[in-house]
Structure formats: C-alpha cells, structure tokens
file start_38.cif (mmCIF, C-alpha atoms and all ligand atoms)
data_protein
loop_
_atom_site.label_atom_id
_atom_site.label_comp_id
_atom_site.auth_asym_id
_atom_site.auth_seq_id
_atom_site.Cartn_x
_atom_site.Cartn_y
_atom_site.Cartn_z
CA MET A 1 -102.09 287.63 -56.70
CA ASN A 2 -103.67 284.19 -56.75
CA ILE A 3 -100.51 282.11 -56.33
CA PHE A 4 -102.13 278.70 -56.60
CA ASN A 5 -103.60 277.77 -59.93
CA LYS A 6 -105.47 274.50 -59.59
CA LYS A 7 -102.85 272.13 -61.00
CA SER A 8 -100.05 273.43 -58.80
CA THR A 9 -102.29 273.22 -55.74
CA TYR A 10 -102.92 269.53 -56.42
CA ILE A 11 -99.21 268.90 -56.91
CA ILE A 12 -98.32 270.76 -53.70
CA ARG A 13 -101.01 268.88 -51.73
CA PHE A 14 -99.94 265.43 -52.83
CA THR A 15 -96.20 266.11 -52.56
CA LEU A 16 -96.68 267.44 -49.05
CA LEU A 17 -98.86 264.48 -48.12
CA VAL A 18 -96.17 262.01 -49.19
CA LEU A 19 -93.48 264.01 -47.36
CA ILE A 20 -95.64 264.13 -44.23
CA LEU A 21 -96.25 260.37 -44.26
CA PHE A 22 -92.50 259.78 -44.55
CA MET A 23 -91.88 262.14 -41.63
CA ILE A 24 -94.38 260.31 -39.44
CA GLY A 25 -92.87 256.94 -40.42
CA TYR A 26 -89.33 258.16 -39.69
CA GLY A 27 -90.43 259.60 -36.34
CA ILE A 28 -92.02 256.29 -35.38
CA MET A 29 -88.83 254.45 -36.40
CA ARG A 30 -86.81 256.72 -34.10
CA SER A 31 -89.21 255.82 -31.25
CA GLU A 32 -90.37 259.40 -30.80
CA VAL A 33 -93.79 257.98 -29.92
CA LEU A 34 -92.34 256.72 -26.65
CA ILE A 35 -91.31 260.25 -25.64
CA VAL A 36 -94.80 261.48 -26.52
CA LEU A 37 -96.30 258.67 -24.43
CA GLN A 38 -93.97 259.28 -21.49
CA ASN A 39 -94.98 262.93 -21.36
CA ALA A 40 -98.66 262.24 -21.86
CA ILE A 41 -99.07 259.60 -19.13
CA ASN A 42 -97.35 261.53 -16.35
CA ILE A 43 -99.04 264.57 -14.83
CA CYS A 44 -97.20 267.50 -16.38
CA LEU A 45 -96.59 269.94 -13.53
CA ASP A 46 -95.57 272.63 -16.03
CA CYS A 47 -98.88 272.26 -17.89
CA ILE A 48 -100.98 272.67 -14.77
CA GLY A 49 -98.92 275.63 -13.65
CA ILE A 50 -97.10 274.27 -10.63
CA GLY A 51 -93.88 273.04 -12.26
CA MET B 52 -132.02 279.89 -57.60
CA GLU B 53 -132.15 282.45 -54.78
CA LYS B 54 -133.07 281.15 -51.32
CA SER B 55 -135.82 282.93 -49.38
CA LYS B 56 -134.90 284.76 -46.16
CA LYS B 57 -136.82 282.20 -44.10
CA GLN B 58 -135.06 279.26 -45.75
CA LYS B 59 -131.70 280.87 -45.05
CA ALA B 60 -132.52 281.52 -41.40
CA ASN B 61 -133.63 277.89 -41.02
CA SER B 62 -130.56 276.41 -42.61
CA LEU B 63 -128.30 278.67 -40.54
CA THR B 64 -130.00 277.52 -37.32
CA LYS B 65 -129.71 273.88 -38.41
CA GLN B 66 -126.02 274.32 -39.23
CA ARG B 67 -125.38 275.91 -35.82
CA ARG B 68 -127.20 273.10 -34.01
CA LYS B 69 -125.34 270.44 -35.98
CA ARG B 70 -121.99 271.99 -35.16
CA SER B 71 -122.81 272.40 -31.46
CA LEU B 72 -123.77 268.75 -31.30
CA VAL B 73 -120.53 267.62 -32.96
CA GLN B 74 -118.51 269.90 -30.66
CA ALA B 75 -120.23 268.53 -27.54
CA LEU B 76 -119.75 264.93 -28.63
CA GLY B 77 -116.14 265.66 -29.61
CA ALA B 78 -115.37 267.16 -26.19
CA LEU B 79 -116.96 264.20 -24.39
CA ILE B 80 -115.15 261.59 -26.46
CA ILE B 81 -111.73 263.32 -26.52
CA ASN B 82 -111.97 263.62 -22.72
CA GLY B 83 -113.74 260.30 -22.25
CA ASN B 84 -111.80 259.06 -19.21
CA TRP B 85 -114.43 260.59 -16.94
CA LYS B 86 -113.73 258.63 -13.76
CA SER B 87 -110.31 260.28 -13.33
CA PHE B 88 -112.03 263.62 -12.72
CA LEU B 89 -113.16 262.16 -9.41
CA ASP B 90 -109.88 260.68 -8.18
CA GLY B 91 -107.52 263.38 -9.55
CA THR B 92 -105.45 261.06 -11.77
CA ILE B 93 -104.94 260.89 -15.55
CA TYR B 94 -105.39 258.23 -18.25
CA LYS B 95 -102.20 256.21 -18.86
CA GLY B 96 -103.22 253.93 -21.73
CA ASN B 97 -101.88 253.26 -25.20
CA LEU B 98 -104.03 255.87 -26.95
CA LYS B 99 -101.63 258.46 -25.55
CA HIS B 100 -99.03 257.39 -28.10
CA VAL B 101 -101.01 259.51 -30.54
CA CYS B 102 -101.52 263.29 -30.66
CA LEU B 103 -105.06 264.62 -30.84
CA PRO B 104 -105.85 267.03 -33.68
CA VAL B 105 -106.86 269.74 -31.16
CA LEU B 106 -105.43 271.74 -28.29
CA ASN B 107 -106.41 269.55 -25.33
CA CYS B 108 -104.08 269.27 -22.34
CA TYR B 109 -102.75 265.73 -21.86
CA SER B 110 -102.82 266.26 -18.12
CA CYS B 111 -106.58 266.79 -18.24
CA PRO B 112 -107.94 263.87 -16.19
CA GLY B 113 -110.29 262.90 -19.01
CA ALA B 114 -107.84 263.23 -21.94
CA LEU B 115 -107.49 260.07 -24.03
CA GLY B 116 -104.73 261.38 -26.32
CA ALA B 117 -101.64 263.59 -26.27
CA CYS B 118 -101.78 267.35 -26.85
CA PRO B 119 -100.04 268.23 -30.15
CA ILE B 120 -98.63 271.52 -28.83
CA GLY B 121 -97.42 269.87 -25.60
CA SER B 122 -95.81 267.05 -27.60
CA LEU B 123 -94.25 269.50 -30.06
CA GLN B 124 -92.31 270.93 -27.11
CA ALA B 125 -91.79 267.65 -25.28
CA VAL B 126 -89.66 265.90 -27.90
CA PRO B 127 -87.05 268.69 -28.27
CA ASN B 128 -87.13 269.04 -24.46
CA SER B 129 -86.01 265.43 -24.08
CA ALA B 130 -82.34 264.44 -24.06
CA GLN B 131 -82.63 262.36 -27.28
CA PHE B 132 -83.88 264.67 -30.05
CA ASN B 133 -84.05 268.33 -31.07
CA PHE B 134 -86.83 267.89 -33.60
CA SER B 135 -89.87 265.66 -33.73
CA TYR B 136 -90.62 264.24 -37.17
CA TYR B 137 -93.52 262.31 -35.66
CA VAL B 138 -95.32 265.24 -34.00
CA VAL B 139 -94.62 267.76 -36.77
CA GLY B 140 -95.74 265.11 -39.29
CA LEU B 141 -98.98 264.38 -37.43
CA ILE B 142 -99.86 268.07 -37.05
CA ALA B 143 -99.08 268.63 -40.74
CA LEU B 144 -101.23 265.60 -41.65
CA PHE B 145 -104.18 267.07 -39.75
CA GLY B 146 -103.50 270.45 -41.37
CA ILE B 147 -103.14 269.26 -44.96
CA THR B 148 -106.30 267.15 -44.80
CA MET B 149 -108.76 269.42 -42.95
CA GLY B 150 -107.05 272.78 -42.19
CA ARG B 151 -108.84 274.62 -39.38
CA TRP B 152 -111.94 272.40 -39.59
CA PHE B 153 -110.72 270.82 -36.34
CA CYS B 154 -110.90 274.23 -34.64
CA GLY B 155 -114.47 274.79 -35.73
CA TRP B 156 -115.88 271.35 -35.12
CA LEU B 157 -113.78 269.36 -32.64
CA CYS B 158 -111.64 271.47 -30.33
CA PRO B 159 -113.05 271.35 -26.76
CA PHE B 160 -111.32 274.60 -25.80
CA GLY B 161 -112.77 276.33 -28.86
CA TRP B 162 -116.21 275.02 -27.88
CA ILE B 163 -115.83 276.24 -24.29
CA GLN B 164 -115.03 279.71 -25.64
CA GLU B 165 -118.14 279.61 -27.81
CA LEU B 166 -120.27 278.64 -24.81
CA LEU B 167 -118.80 281.54 -22.84
CA HIS B 168 -119.62 283.87 -25.72
CA LYS B 169 -123.29 282.88 -25.40
CA ILE B 170 -123.47 284.71 -22.03
CA PRO B 171 -125.91 287.50 -22.85
CA ILE B 172 -123.97 290.73 -22.33
CA LYS B 173 -122.92 293.37 -24.83
CA LYS B 174 -120.31 291.99 -27.24
CA VAL B 175 -117.20 293.66 -28.59
CA ASN B 176 -116.36 293.57 -32.28
CA PRO B 177 -112.71 294.59 -32.56
CA LYS B 178 -112.01 297.19 -35.24
CA LYS B 179 -110.71 295.64 -38.45
CA LYS B 180 -107.33 297.40 -38.21
CA ILE B 181 -106.73 296.27 -34.62
CA HIS B 182 -107.97 292.76 -35.36
CA GLN B 183 -105.70 292.41 -38.40
CA LYS B 184 -102.68 293.30 -36.27
CA ALA B 185 -103.70 291.23 -33.22
CA ILE B 186 -104.06 287.97 -35.19
CA TRP B 187 -100.27 287.96 -35.61
CA LEU B 188 -99.83 287.44 -31.87
CA LYS B 189 -100.53 283.72 -32.21
CA TYR B 190 -97.64 283.38 -34.67
CA VAL B 191 -95.34 285.24 -32.29
CA LEU B 192 -96.35 282.90 -29.43
CA LEU B 193 -95.81 279.89 -31.69
CA ILE B 194 -92.32 280.97 -32.72
CA ILE B 195 -91.10 282.17 -29.32
CA PHE B 196 -92.71 279.81 -26.82
CA VAL B 197 -93.35 276.62 -28.79
CA ILE B 198 -90.39 276.53 -31.18
CA ALA B 199 -87.55 278.74 -29.90
CA PHE B 200 -87.71 278.14 -26.13
CA PRO B 201 -87.24 274.35 -26.17
CA LEU B 202 -84.23 274.77 -28.46
CA LEU B 203 -82.57 277.77 -26.81
CA THR B 204 -82.99 276.91 -23.15
CA GLN B 205 -81.56 273.39 -23.11
CA ASP B 206 -79.27 272.45 -20.23
CA ARG B 207 -76.03 270.49 -20.74
CA PHE B 208 -78.01 267.25 -21.04
CA GLY B 209 -80.08 268.73 -23.87
CA MET B 210 -83.18 268.99 -21.70
CA SER B 211 -85.56 271.91 -21.35
CA TYR B 212 -89.18 272.71 -20.38
CA PRO B 213 -92.44 273.31 -22.28
CA ALA B 214 -92.53 277.12 -22.17
CA PHE B 215 -95.95 277.56 -23.80
CA CYS B 216 -97.53 275.06 -21.39
CA LYS B 217 -95.70 276.50 -18.41
CA PHE B 218 -96.26 280.22 -18.94
CA ILE B 219 -99.18 280.66 -21.32
CA CYS B 220 -101.64 277.85 -22.04
CA PRO B 221 -105.02 278.65 -20.44
CA ALA B 222 -106.39 275.30 -21.70
CA GLY B 223 -103.92 273.52 -19.41
CA THR B 224 -105.01 275.59 -16.43
CA MET B 225 -108.70 275.06 -17.13
CA GLU B 226 -108.71 271.43 -18.26
CA ALA B 227 -105.90 270.06 -16.09
CA GLY B 228 -104.72 272.47 -13.38
CA ILE B 229 -108.05 273.32 -11.76
CA PRO B 230 -109.66 269.81 -11.89
CA LEU B 231 -106.48 268.14 -10.61
CA LEU B 232 -105.99 270.63 -7.78
CA ILE B 233 -109.61 270.22 -6.70
CA ALA B 234 -109.39 266.41 -6.66
CA ASN B 235 -105.80 265.92 -5.54
CA PRO B 236 -104.77 267.50 -2.16
CA ALA B 237 -101.10 266.51 -2.60
CA LEU B 238 -100.83 268.72 -5.67
CA ARG B 239 -102.41 271.67 -3.83
CA GLN B 240 -99.31 271.88 -1.59
CA LEU B 241 -97.21 272.77 -4.66
CA VAL B 242 -99.16 275.80 -5.88
CA GLY B 243 -96.98 278.88 -6.36
CA LEU B 244 -96.51 282.11 -8.29
CA ILE B 245 -96.66 280.55 -11.78
CA PHE B 246 -100.05 279.08 -11.02
CA SER B 247 -101.37 282.53 -10.03
CA TRP B 248 -99.99 283.95 -13.30
CA LYS B 249 -101.69 281.20 -15.28
CA VAL B 250 -104.98 281.72 -13.47
CA LEU B 251 -104.73 285.41 -14.39
CA LEU B 252 -104.23 284.47 -18.06
CA LEU B 253 -107.18 282.09 -17.82
CA LEU B 254 -109.33 284.88 -16.38
CA ILE B 255 -108.32 287.19 -19.24
CA THR B 256 -109.19 284.39 -21.69
CA VAL B 257 -112.60 283.80 -20.06
CA ILE B 258 -113.51 287.50 -20.02
CA GLY B 259 -112.09 287.93 -23.54
CA SER B 260 -114.17 285.01 -24.80
CA ILE B 261 -117.37 286.34 -23.24
CA LEU B 262 -116.83 289.63 -25.07
CA ILE B 263 -115.12 288.51 -28.30
CA PHE B 264 -116.00 285.36 -30.24
CA ARG B 265 -113.17 282.79 -29.79
CA PHE B 266 -110.81 285.33 -28.28
CA PHE B 267 -108.02 282.79 -27.64
CA CYS B 268 -108.40 281.05 -31.03
CA LYS B 269 -108.24 284.36 -32.90
CA TYR B 270 -105.26 285.85 -31.14
CA ALA B 271 -103.27 283.30 -29.14
CA CYS B 272 -103.59 279.66 -30.17
CA PRO B 273 -100.37 278.29 -31.72
CA LEU B 274 -102.20 275.26 -33.13
CA GLY B 275 -104.76 277.50 -34.81
CA ALA B 276 -101.80 279.43 -36.27
CA ILE B 277 -100.32 276.23 -37.74
CA TYR B 278 -103.62 274.91 -39.13
CA GLY B 279 -104.39 278.37 -40.52
CA MET B 280 -101.26 278.19 -42.67
CA PHE B 281 -102.64 274.99 -44.21
CA ASN B 282 -106.11 276.42 -45.00
CA LYS B 283 -105.00 277.53 -48.46
CA ILE B 284 -103.71 274.15 -49.54
CA SER B 285 -105.69 271.66 -47.44
CA PHE B 286 -107.72 268.97 -49.23
CA TYR B 287 -110.83 270.24 -47.44
CA HIS B 288 -111.26 273.79 -48.66
CA MET B 289 -113.70 276.48 -49.69
CA GLN B 290 -114.40 277.96 -53.08
CA CYS B 291 -116.34 281.01 -54.14
CA SER B 292 -117.79 280.75 -57.61
CA ALA B 293 -118.37 283.48 -60.17
CA ASN B 294 -122.08 283.40 -59.17
CA CYS B 295 -121.12 285.64 -56.24
CA ILE B 296 -123.00 288.95 -56.36
CA GLU B 297 -120.79 290.51 -53.65
CA CYS B 298 -123.71 291.19 -51.31
CA LYS B 299 -121.26 290.59 -48.38
CA ARG B 300 -123.79 288.64 -46.29
CA CYS B 301 -121.17 285.92 -45.80
CA ALA B 302 -118.74 288.47 -44.36
CA ARG B 303 -121.40 289.91 -42.06
CA VAL B 304 -122.33 286.51 -40.58
CA CYS B 305 -118.71 285.40 -40.07
CA LYS B 306 -117.74 285.64 -36.41
CA MET B 307 -114.08 285.05 -37.25
CA GLN B 308 -114.07 288.32 -39.22
CA VAL B 309 -113.26 286.64 -42.53
CA GLU B 310 -114.50 287.91 -45.89
CA PRO B 311 -115.14 284.54 -47.55
CA TYR B 312 -116.25 286.06 -50.86
CA LYS B 313 -112.72 287.53 -51.15
CA THR B 314 -110.59 285.03 -49.23
CA PRO B 315 -112.46 281.70 -48.91
CA ASN B 316 -109.33 280.03 -47.59
CA SER B 317 -108.24 282.68 -45.12
CA PRO B 318 -106.04 281.36 -42.26
CA GLU B 319 -108.69 282.67 -39.86
CA CYS B 320 -111.56 280.56 -41.23
CA ILE B 321 -112.54 277.74 -38.87
CA ARG B 322 -114.81 276.08 -41.47
CA CYS B 323 -117.98 276.54 -39.41
CA GLY B 324 -119.96 276.75 -42.67
CA GLU B 325 -122.28 279.57 -41.57
CA CYS B 326 -121.38 281.80 -44.52
CA ILE B 327 -122.44 279.04 -46.91
CA GLU B 328 -125.89 278.91 -45.36
CA VAL B 329 -126.56 282.63 -45.75
CA CYS B 330 -125.34 282.99 -49.34
CA PRO B 331 -128.42 283.87 -51.44
CA VAL B 332 -126.95 282.41 -54.66
CA ASN B 333 -125.07 279.39 -53.21
CA ALA B 334 -121.75 280.77 -54.43
CA LEU B 335 -119.71 279.30 -51.56
CA LYS B 336 -118.82 275.62 -51.40
CA LEU B 337 -116.89 273.76 -48.72
CA GLY B 338 -115.59 270.25 -49.37
CA PHE B 339 -112.80 268.02 -50.64
CA ILE B 340 -113.15 268.15 -54.40
CA HIS B 341 -115.31 270.54 -56.35
CA LYS B 342 -116.54 270.26 -59.91
CA THR B 343 -114.06 271.35 -62.54
CA ASN B 344 -116.29 274.09 -63.93
CA HIS B 345 -116.65 275.39 -60.38
CA ASP B 346 -112.86 275.40 -60.05
CA LEU B 347 -112.60 277.46 -63.16
CA GLN B 348 -115.22 279.85 -61.89
CA GLU B 349 -113.31 280.22 -58.66
CA THR B 350 -110.10 281.04 -60.48
CA THR B 351 -111.94 283.62 -62.54
CA LYS B 352 -113.46 285.09 -59.42
CA ALA B 353 -110.17 285.13 -57.49
CA THR B 354 -108.41 286.80 -60.39
CA LYS B 355 -111.21 289.34 -60.67
CA LEU B 356 -110.88 290.23 -57.00
CA ASP B 357 -107.08 290.29 -57.08
CA GLU B 358 -107.22 292.84 -59.84
CA LYS B 359 -109.52 295.14 -57.91
CA PRO B 360 -107.91 298.26 -56.44
CA GLU B 361 -108.17 298.53 -52.60
S1 LIG C 1 -107.47 277.86 -32.41
FE1 LIG C 1 -106.64 276.45 -30.86
S2 LIG C 1 -108.04 276.52 -29.14
FE2 LIG C 1 -109.06 277.42 -30.92
S3 LIG C 1 -110.13 275.78 -31.83
FE3 LIG C 1 -108.18 275.83 -32.89
S4 LIG C 1 -106.88 274.41 -31.70
FE4 LIG C 1 -108.65 274.85 -30.46
S1 LIG C 2 -115.56 282.24 -43.48
FE1 LIG C 2 -117.48 281.03 -43.27
S2 LIG C 2 -116.80 279.00 -42.63
FE2 LIG C 2 -115.07 280.40 -42.29
S3 LIG C 2 -115.27 281.02 -40.14
FE3 LIG C 2 -116.33 282.58 -41.39
S4 LIG C 2 -118.48 281.91 -41.47
FE4 LIG C 2 -117.26 280.16 -40.76
#
call {"tool": "encode", "arguments": {"input": "start_38.cif", "output": "structure tokens"}}
result
Amino acid sequence: MNIFNKKSTYIIRFTLLVLILFMIGYGIMRSEVLIVLQNAINICLDCIGIG
Amino acid sequence: MEKSKKQKANSLTKQRRKRSLVQALGALIINGNWKSFLDGTIYKGNLKHVCLPVLNCYSCPGALGACPIGSLQAVPNSAQFNFSYYVVGLIALFGITMGRWFCGWLCPFGWIQELLHKIPIKKVNPKKKIHQKAIWLKYVLLIIFVIAFPLLTQDRFGMSYPAFCKFICPAGTMEAGIPLLIANPALRQLVGLIFSWKVLLLLITVIGSILIFRFFCKYACPLGAIYGMFNKISFYHMQCSANCIECKRCARVCKMQVEPYKTPNSPECIRCGECIEVCPVNALKLGFIHKTNHDLQETTKATKLDEKPE
C-alpha cells in the first residue's frame, strides 16, 4: 500500500525537519560538539584497528 | 517524445562522467588535509566540530570533518551522555534533505568501491532472493554495533568503546589505519590481532567490491542503512509518472538492484540518476519538488502497481 499520500508526506517532512533542528540546537547547548571534536582530533586507535 | 537509442547512450555516459567528477572532487575536498598523509598525523582544526554527511574515518590523515558513525558511538561512549541529540540530529538532517544522494555522489568510500568495480574481471550479480535477504545485514550491524554496544558495554564511569569502528569498519582500516601505520613508526609497534582481523575484513570488502557493485554499501554500511530509511520521505526524491510503459530498462541499468518504476524511493537507491537517463519516455524524475500534475500521476501509478498481484 502507498502509505504516503502527498499531503501527509509534506507534513511529515516539515514536522521532522523542525524536530531535527531542535535536536541539533539542544545537542549544541549541551556541548555535545566538544565531545565530537575531542574524538575527531585525536587519533582513534580503535578506528585504525590497534586500540 | 521517445529518445533515440543513441541519445540515451550519450546522456547515460554524460551522467556517469558528471557523477565520477563530483565523487573525485568530493573525496579530495573531504580529505583535503593532504600534508598529514606524509607526516602520519591528523587534522585538528575547528571543522572537526561538525560531522560529514558520509562515512569517512576522522582518523584519516586528510579528513577535515568528523565521521557521523564514529561520532554516533563516541557521544554515548563518553562519561557525560547516553544519547547524542547533535549527531542524531545532523544525520537526520542530511537524511531528510537528500536521502542516499550522499552515498551516490559524495561518499569517498563508495567511490573507492566503484573504482574497484571497474577492474575488468567477470562480475557477480547476486540472485534477487539472496540480495533481498543480505541487504538486512546493514541494519543488523547498525543496531548491534553502532547503537547497542555503546549502551550495553559501559563501565562504571559510563564509558565504552566504538564497537563498529573497532571490529568492523573497513573504511577506517583503509583511510586511517594503513596510511597512519605507513607514515608513523610509533603506531606500528602497537599492531595486534584486531588489526589483522580488520585487514581481513578490508580484503573481503575489496574483493567483494571488485565482484559486486558497492558490496559494502549494499550489505554492510550503517550510514547507508540510516539514509535509506529517509529515501521515502526526503525532500530530494524520485517520482515515476503514469507515462511509464513498464519496459524495465531502468531496472536493468540499476546497479543497486532497484526497480525504480515500482519503487522510485527504495532504501537501496543511491540517486545516481542512471535510470532516468535510459527511460525512453522520461517517466522518472529526481528532484526537490515536482509539478502537481506529475505528483498526481505518480500517485496513480503507485496505486496501480500496489494493486497488482505478485
Ligand atoms: S552506503 Fe556507506 S559507504 Fe556506501 S556510500 Fe553510503 S555512506 Fe558511503
Ligand atoms: S534506482 Fe536509479 S538512481 Fe537509484 S540507484 Fe538505481 S539507477 Fe541509480
């Protein structure tokens, strides 16, 4: 069955977009970006297979 | 108006060249910190606050951004949080806007697999039944290694390790492990059993990609699995109009084994656009917003196909 008629798809897209933007904003407020940065600027021994 | 065979062949070649060029440029820019390949270090600048939209190891010497799958594990692995609103939000933002377009046009690891597939030896086209079952593996890897492990293996300080990166990711071995070990003798002292296991997985991925188009993307990439779930609702999407004459040329040209005339927004579609070029009646469209009458035609078409017995 085609579950998405056009109107509901638009509503789902825009609702999700707003929710997503709030999530990103909340994550930035909690300083999650610093954890991302910390992991990304140090050589990750696990990633390269020697951790 | 129907396109001639020659016109179709030309536009398909042009589309392939255009995509290869974008992929090459994307790989060079995403991994633009070239000098670190020589001294065995990695980029430590501010751009690494942000996740890239593609699977690209952040320990690759050239990487200018963070890997979304690495970061998705890193935040719950830290002592502070169990869930990352920021990383999940960013991945969802990439997914809702473009779906798997990033896989088809930007991902360096996807591009490497395509280059490997160009090696001229006999190719394998997995049987539909086997393929349909195997594509679920990437969801299993996503749930077990990316989501469950960081939450279930925390120590008493709430810290854990990135299980997908540690045990599975061949992109990490290829883009980070091998270049860093070549350039950095201190790291070579640390090589052990896990590295051998990861090299074995990389070898399987390389051989798999030579034989099967985008072997890792089809069956193992957790980011492809996430983006695939967005393909149906992403702003950038495909539609098949009622003009379709069901000649199935689109399905025959698709190397991701999608049937775009039936499921234009299949989770497996990487938006390469090749099917659009071969359609003799221009029934397939890929873009952000399509004309309303086209929308209606698509609904009619989808309903028509849904009603068809298997
Ligand atoms: S499936 Fe994964 S590896 Fe393949 S193109 Fe998409 S993000 Fe890249
Ligand atoms: S359905 Fe079309 S756009 Fe999608 S992967 Fe197949 S050929 Fe490419």
call {"tool": "closest_residue", "arguments": {"input": "start_38.cif", "among": "A:Ile48, A:Lys7, A:Ser31, A:Phe14", "to": "chain B", "atoms": "only C-alpha atoms"}}
result
A:Ile48
call {"tool": "atom_distance", "arguments": {"input": "start_38.cif", "atom1": "atom CA of Leu238 of chain B", "atom2": "atom CA of Ala214 of chain B"}}
result
20.3 Å
call {"tool": "closest_atom_pairs", "arguments": {"input": "start_38.cif", "of": "chain B", "to": "ligand LIG 1 (chain C)", "cutoff": "9 Å", "atoms": "only C-alpha atoms and all ligand atoms", "output": "CSV"}}
result
residue,atom,partner,partner_atom,distance
B:Pro104,CA,C:LIG1,S4,7.7
B:Val105,CA,C:LIG1,S4,4.7
B:Leu106,CA,C:LIG1,S4,4.6
B:Asn107,CA,C:LIG1,FE4,7.7
B:Arg151,CA,C:LIG1,FE3,6.6
B:Trp152,CA,C:LIG1,FE3,8.4
B:Phe153,CA,C:LIG1,FE3,6.6
B:Cys154,CA,C:LIG1,S3,3.3
B:Gly155,CA,C:LIG1,S3,5.9
B:Trp156,CA,C:LIG1,S3,8.0
B:Leu157,CA,C:LIG1,S3,7.4
B:Cys158,CA,C:LIG1,FE4,4.5
B:Pro159,CA,C:LIG1,FE4,6.7
B:Phe160,CA,C:LIG1,S2,5.1
B:Gly161,CA,C:LIG1,S3,4.0
B:Trp162,CA,C:LIG1,S3,7.3
B:Gln164,CA,C:LIG1,FE2,8.3
B:Ala222,CA,C:LIG1,S2,7.7
B:Arg265,CA,C:LIG1,FE2,6.9
B:Phe266,CA,C:LIG1,FE2,8.5
B:Phe267,CA,C:LIG1,FE2,6.4
B:Cys268,CA,C:LIG1,S1,3.6
B:Lys269,CA,C:LIG1,S1,6.6
B:Tyr270,CA,C:LIG1,S1,8.4
B:Ala271,CA,C:LIG1,S1,7.6
B:Cys272,CA,C:LIG1,FE1,4.5
B:Pro273,CA,C:LIG1,FE1,6.6
B:Leu274,CA,C:LIG1,S4,5.0
B:Gly275,CA,C:LIG1,S1,3.6
B:Ala276,CA,C:LIG1,S1,7.0
B:Tyr278,CA,C:LIG1,FE3,7.8
B:Gly279,CA,C:LIG1,S1,8.7
B:Glu319,CA,C:LIG1,S1,9.0
B:Ile321,CA,C:LIG1,FE3,7.6
call {"tool": "atom_distance", "arguments": {"input": "start_38.cif", "atom1": "atom CA of Phe22 of chain A", "atom2": "atom CA of Ala40 of chain A"}}
result
23.6 Å
call {"tool": "residues_around", "arguments": {"input": "start_38.cif", "residues": "Ser135 of chain B", "least_positions_apart": "5", "cutoff": "9 Å", "atoms": "only C-alpha atoms", "output": "list of chain:residue names"}}
result
A:Met23, A:Gly27, A:Glu32, B:Ser122, B:Leu123, B:Gln124, B:Ala125, B:Val126, B:Pro127, B:Gly140
call {"tool": "write_last_selection", "arguments": {"input": "start_38.cif", "atoms": "C-alpha atoms", "output": "PDB file, in the frame of the given file"}}
result
ATOM      1  CA  MET A  23     -91.880 262.140 -41.630  1.00  0.00           C
ATOM      2  CA  GLY A  27     -90.430 259.600 -36.340  1.00  0.00           C
ATOM      3  CA  GLU A  32     -90.370 259.400 -30.800  1.00  0.00           C
TER       4      GLU A  32
ATOM      5  CA  SER B 122     -95.810 267.050 -27.600  1.00  0.00           C
ATOM      6  CA  LEU B 123     -94.250 269.500 -30.060  1.00  0.00           C
ATOM      7  CA  GLN B 124     -92.310 270.930 -27.110  1.00  0.00           C
ATOM      8  CA  ALA B 125     -91.790 267.650 -25.280  1.00  0.00           C
ATOM      9  CA  VAL B 126     -89.660 265.900 -27.900  1.00  0.00           C
ATOM     10  CA  PRO B 127     -87.050 268.690 -28.270  1.00  0.00           C
ATOM     11  CA  GLY B 140     -95.740 265.110 -39.290  1.00  0.00           C
TER      12      GLY B 140
END
call {"tool": "interface_residues", "arguments": {"input": "start_38.cif", "of": "chain A", "to": "chain B", "cutoff": "8 Å", "atoms": "all atoms listed in the file", "output": "short mmCIF file (atom, residue, chain, number, x, y, z; two decimals) with C-alpha atoms, keeping the file's coordinate frame"}}
result
data_model
loop_
_atom_site.label_atom_id
_atom_site.label_comp_id
_atom_site.auth_asym_id
_atom_site.auth_seq_id
_atom_site.Cartn_x
_atom_site.Cartn_y
_atom_site.Cartn_z
CA MET A 1 -102.09 287.63 -56.70
CA ASN A 2 -103.67 284.19 -56.75
CA ASN A 5 -103.60 277.77 -59.93
CA LYS A 6 -105.47 274.50 -59.59
CA THR A 9 -102.29 273.22 -55.74
CA ILE A 12 -98.32 270.76 -53.70
CA ARG A 13 -101.01 268.88 -51.73
CA LEU A 16 -96.68 267.44 -49.05
CA LEU A 17 -98.86 264.48 -48.12
CA ILE A 20 -95.64 264.13 -44.23
CA LEU A 21 -96.25 260.37 -44.26
CA MET A 23 -91.88 262.14 -41.63
CA ILE A 24 -94.38 260.31 -39.44
CA GLY A 25 -92.87 256.94 -40.42
CA TYR A 26 -89.33 258.16 -39.69
CA GLY A 27 -90.43 259.60 -36.34
CA ILE A 28 -92.02 256.29 -35.38
CA GLU A 32 -90.37 259.40 -30.80
CA VAL A 33 -93.79 257.98 -29.92
CA LEU A 34 -92.34 256.72 -26.65
CA ILE A 35 -91.31 260.25 -25.64
CA VAL A 36 -94.80 261.48 -26.52
CA LEU A 37 -96.30 258.67 -24.43
CA ASN A 39 -94.98 262.93 -21.36
CA ALA A 40 -98.66 262.24 -21.86
CA ILE A 41 -99.07 259.60 -19.13
CA ASN A 42 -97.35 261.53 -16.35
CA ILE A 43 -99.04 264.57 -14.83
CA CYS A 44 -97.20 267.50 -16.38
CA ASP A 46 -95.57 272.63 -16.03
CA CYS A 47 -98.88 272.26 -17.89
CA ILE A 48 -100.98 272.67 -14.77
CA GLY A 49 -98.92 275.63 -13.65
CA ILE A 50 -97.10 274.27 -10.63
CA GLY A 51 -93.88 273.04 -12.26
#
call {"tool": "atom_distance", "arguments": {"input": "start_38.cif", "atom1": "atom CA of Ile263 of chain B", "atom2": "atom CA of Ala199 of chain B"}}
result
29.3 Å
